[in-house]
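*Asks:* Below: one structure in structure tokens.
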There are 2 protein chains.
Amino acid sequence: MADKAQLQEAIKTQGEVVRKLKSEKASKEQIDEEVAKLLQLKAQLGGDEGKHVFVLKTAKGTRDYNPKQMAIREKVFSIIISCFKRHGAETIDTPVFELKETLTGKYGEDSKLIYDLKDQGGELLSLRYDLTVPFARYLALNKITNIKRYHIAKVYRRDNPAMTRGRYREFYQCDFDIAGQYDAMIPDAECLKIVYEILNELDLGDFRIKVNDRRILDGMFAVCGVPDEKFRTICSTVDKLDKMAWEDVKKEMVNEKGLSEDVADRIGEYVSMQGGQDLAERLLQDPKLSQNKQAFAGLTDMKLLFSYLELFQVTDKVVFDLSLARGLDYYTGVIYEAILSQTIPASVSTPAEQNGADEAGVSVGSVAGGGRYDGLVGMFDPKGRKVPCVGVSIGIERIFSIMEQKAETSSEKVRTTETQVLVASAQKNLLEERLKLTSELWNAGIKAEVLYKKNPKLLSQLQHCEETGIPLVAILGEQELKDGVVKLRNVASREEVDVPRADLVDEIKKRTL
Amino acid sequence: MADKAQLQEAIKTQGEVVRKLKSEKASKEQIDEEVAKLLQLKAQLGGDEGKHVFVLKTAKGTRDYNPKQMAIREKVFSIIISCFKRHGAETIDTPVFELKETLTGKYGEDSKLIYDLKDQGGELLSLRYDLTVPFARYLALNKITNIKRYHIAKVYRRDNPAMTRGRYREFYQCDFDIAGQYDAMIPDAECLKIVYEILNELDLGDFRIKVNDRRILDGMFAVCGVPDEKFRTICSTVDKLDKMAWEDVKKEMVNEKGLSEDVADRIGEYVSMQGGQDLAERLLQDPKLSQNKQAFAGLTDMKLLFSYLELFQVTDKVVFDLSLARGLDYYTGVIYEAILSQTIPASVSTPAEQNGADEAGVSVGSVAGGGRYDGLVGMFDPKGRKVPCVGVSIGIERIFSIMEQKAETSSEKVRTTETQVLVASAQKNLLEERLKLTSELWNAGIKAEVLYKKNPKLLSQLQHCEETGIPLVAILGEQELKDGVVKLRNVASREEVDVPRADLVDEIKKRTL
């Protein structure tokens, strides 16, 4: 425990931080965060009257999903899982934390973003950072050499969240991977086909899938005169081309990474190239590039890949783009990234986030990405046995954000339950009859609700249907009970019809197909 | 980093622990755990030649789910979710970690089992211990006073795992709760109806649902002469009656908790009582108990509850059992627990776990439990506003264990994919034709696979179908291509028929309904 004077000092300083941010009109997110810190400090002190101030919030960078968001999430998952199953994938699950050591040395500089668990005695653990490393660990641990699997689960990164753009510290990943020793480019082409199918079915507007190959990048760096030991760091700089202009990327190469202007300009020529199979063929004629073993292998495979993509009828959206680099260390072959053409309306994002965005709004950027990683499993195998892998990760959180915005602007209401009928009554003292009928409906597999009140008003029962979208009401009264019928009311049209109790289940099923 | 001499000493000690366990023929689980510790120590030292020893395993008390386990898990979830939806429930999700403070003071002694995250700067966080406290936090944070929701997610407890019995440190909870101010016992009865429906549909054999009420327990303790401040601790002792004989429970009450023999014997009389509505009525006539306000309220509600359970037709499995106590602090009214009559065959459990079990095997114990907690949300609300809640948690991990055992002894193979057809060829050089047809099938919504080989043997293609349960093969050859047909083969019957390519999709759909 910090001592009281120290705490009071810290509270004073933090109070000034908050005041400064407010005066500078900083983003709500930023202010909220600093206010939360202030409240926590005050809580430690014990508040003004020594009263404990409890901060009611979710952890920074995380969010609850309410029922409406869950309904959207389920819809998105169902489209994606259908696609994975259509391609014959199985699914697995792994624990949310791994031995810390399992994650060590897999993420390069990003390792600092890994959440560690407190050492409470026993093993040192970390929350998973992605699903790829646990997948590789799973394959090595279980000595699996062939599998086509998907895995949808949450991963954790201590990143600076930009929550209005759908970036969180806890977020879903949605991965599809093919592991196994197969003939070149066939599984790679299927991964691209899957991205194409999913983005089409989600109906998010136009998109492009950029493709490149680590071997082509490395070969290109070599022939441009980049020293071997700078390949990875120059690769990271090239990766910024989707957010920065070439001039700025070049400056970074020359000023920060120490390349000569000449070398940078040569890279600049290559990374401006885009095309399809034709570009692969043209570069195979490039006297310098085709002499490089790595580049030659990458370009030959790229040509083959495009011939398969042609058969899969997806070449209208796929571009061979030499500027695509992707950050992760473990890629060894083909890499790809899907980008939506659509942008998020400017009104939705906060001013702080619009910096650098054009007037139309913030680009949602990449919604899927992946590539080939033939060396990762071998890092876990005690004998270093390699299992070649290729996979794709769908950027599901950005897709949720877009779908939520769509739902908000749409006139159609998102239903959060599937209830077919509410069992109601207009008269008093019929609770027992209502419960009995509801139970009958449940037993017959009908989705039914009943209000938990002894004598609810008919109006409040009908209102419940309107609010939650329940299409039918089964109304019981003394007369109906005597006649052995139930009054079935259509909520939208207000039509009512007496249905013999024995026919009620069939009638409800017929009307709610 | 510990210094080298210390490490070497620790390795020596740990080596002795392992040798001792082996000589004592301890359980494999226990030995593996100590061996893992030994390996980790050796890894810290850097191994014999200073080589780093990497321990390839999942974290203690956690497991991967392989595709077969996932298929079973999906089946179980689908039955349970259907039931929740039939009862009109929405679903929500909350983050896997909460502010540490949110969990503080909610779990009594069990708080020591909470996983904390490392302080990496920023908020102090803990992994969720159950779904009930995050639910209450969610209601308070969002000022929700009415909701019927389910939540299926993993929770974390640093418990001693007994993995062969389906107890893990990371495990699923599957909760259904009704929050809101309603007329007495109606939502409570629905929770019991839900447990009844789910256990019936999962087909796990016979079961019983024990019901009691915290107010009846407290009233009972009061009239037996237990001092107020000992209610909770005596409640914990009563809770052990499902695992210990009365004599031992009594000993604990007298020797450890300081009750007099008389008081303990009076408790002993009550906790041996079991019945239904009749028992509630009889106890309402008990001159001492009915004078106690708490007990009177509890017994009156119990009578009402049974009248609703009668309407729901579930009284054949529900028992009013005065020995049911349940450990958690936050219950305020009705509590319940479902127990399977079935036992796990002795052969499946390890010797160490059979201690105290009868010859027939280990009892799987509770598979569902819950109760009313009217005060929990108020603990989070800044103004202390109460939201009455009642809910149930399905013990899904134990259910998985039982279903997995069932699947292993069953002759029917569990399929892990849903693939309807494999696109194959008997001749060479038809890869492109296979890919083209597969793509056509995907585009038509057919679940199709193709082997990732240029020229796979027909036999290995057929074997893949046998192994994974794919029912149909679409075979392409030069002749078929010329005739515009595809040879469709039924894997089980080996029948083959030529289908015009234009009719193929319909034919596959017809055969795999």
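Just remember, in the structure tokens the first chain shown is A, the second B, etc., residues are 1-based per chain, and ligands are 1-based in the order shown.
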Can you tell me which residues surround Asp177 of chain A at a distance of at most 6 Å, considering only C-alpha atoms, apart from same-chain residues fewer than 2 positions away, and format the answer as a PyMOL selection string?

*Replies:* chain A and resi 148-149+390-391

*Asks:* Once you count only C-alpha atoms, which residues of chain B turn out to be within 6 Å of chain A? Could you give them as number ranges by chain?

*Replies:* B: 59, 64-67, 86-88, 90-94, 98-99, 116-118, 182-183, 186, 311-312, 416-417, 419, 436, 439, 447-449, 452-453

*Asks:* Could the residues of segment 109-157 of chain B that have an atom at most 12 Å from segment 396-411 of chain B be listed as a Markdown table, each with its closest atom pair and the distance in Å to one decimal, counting only C-alpha atoms and ordered by chain and ascending residue number?

*Replies:*
| residue | atom | partner | partner_atom | distance |
| --- | --- | --- | --- | --- |
| B:Ile152 | CA | B:Ile396 | CA | 9.6 |
| B:Ala153 | CA | B:Ile396 | CA | 10.5 |
| B:Lys154 | CA | B:Glu397 | CA | 10.3 |
| B:Val155 | CA | B:Glu397 | CA | 11.4 |

*Asks:* Just the strand (DSSP E or B) stuff from segment 267-506 of chain A, please, per backbone DSSP, written as an MDAnalysis selection string.

*Replies:* chainID A and resid 274:275 318:321 334:340 343:345 358 361:363 366:372 389:394 421:425 448:450 472:476 485:490 496:500

*Asks:* DSSP on the backbone: which residues in segment 219-286 of chain B end up as alpha helix (DSSP H)? Give the answer as number ranges by chain.

*Replies:* B: 219-224, 231-238, 246-251, 261-271, 277-285

*Asks:* Which residue is closest to Asp130 of chain B? Choose from B:Ile267, B:Leu103, B:Ile216, B:Leu21 and count only C-alpha atoms.

*Replies:* B:Leu103

*Asks:* Between atom CA of Leu322 of chain B and atom CA of Arg208 of chain B, measure the distance and give it in Å to one decimal.

*Replies:*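 So the two atoms, atom CA of Leu322 of chain B and atom CA of Arg208 of chain B, lie 14.4 Å apart.
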
*Asks:* Rounded to one decimal in Å, what is the spacing between atom CA of His151 of chain B and atom CA of Asp175 of chain B?

*Replies:*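 Here the two named atoms are 5.3 Å from each other.
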
*Asks:* Please measure the separation of atom CA of Lys317 of chain A and atom CA of Leu504 of chain B, giving the value in Å to one decimal.

*Replies:*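 The value is 27.9 Å.
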
*Asks:* Identify which of the residues B:Ala245, B:Ala338, B:Val367, B:Ile81 lies closest to Asn212 of chain B, counting only C-alpha atoms when measuring atom-to-atom distances.

*Replies:*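 For Asn212 of chain B, the nearest of the candidates is B:Ala338.
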
*Asks:* Show which residues sit within 10 Å of Lys210 of chain A, as a PyMOL selection string. Count only C-alpha atoms, and ignore same-chain residues fewer than 3 positions away.

*Replies:* chain A and resi 192+207+274-275+317-324+335-339+369

*Asks:* With distances taken over only C-alpha atoms, which of A:Lys243, A:Val486, A:Leu472, A:Ser425 is nearest to Leu459 of chain A?

*Replies:*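 Closest candidate: A:Ser425.
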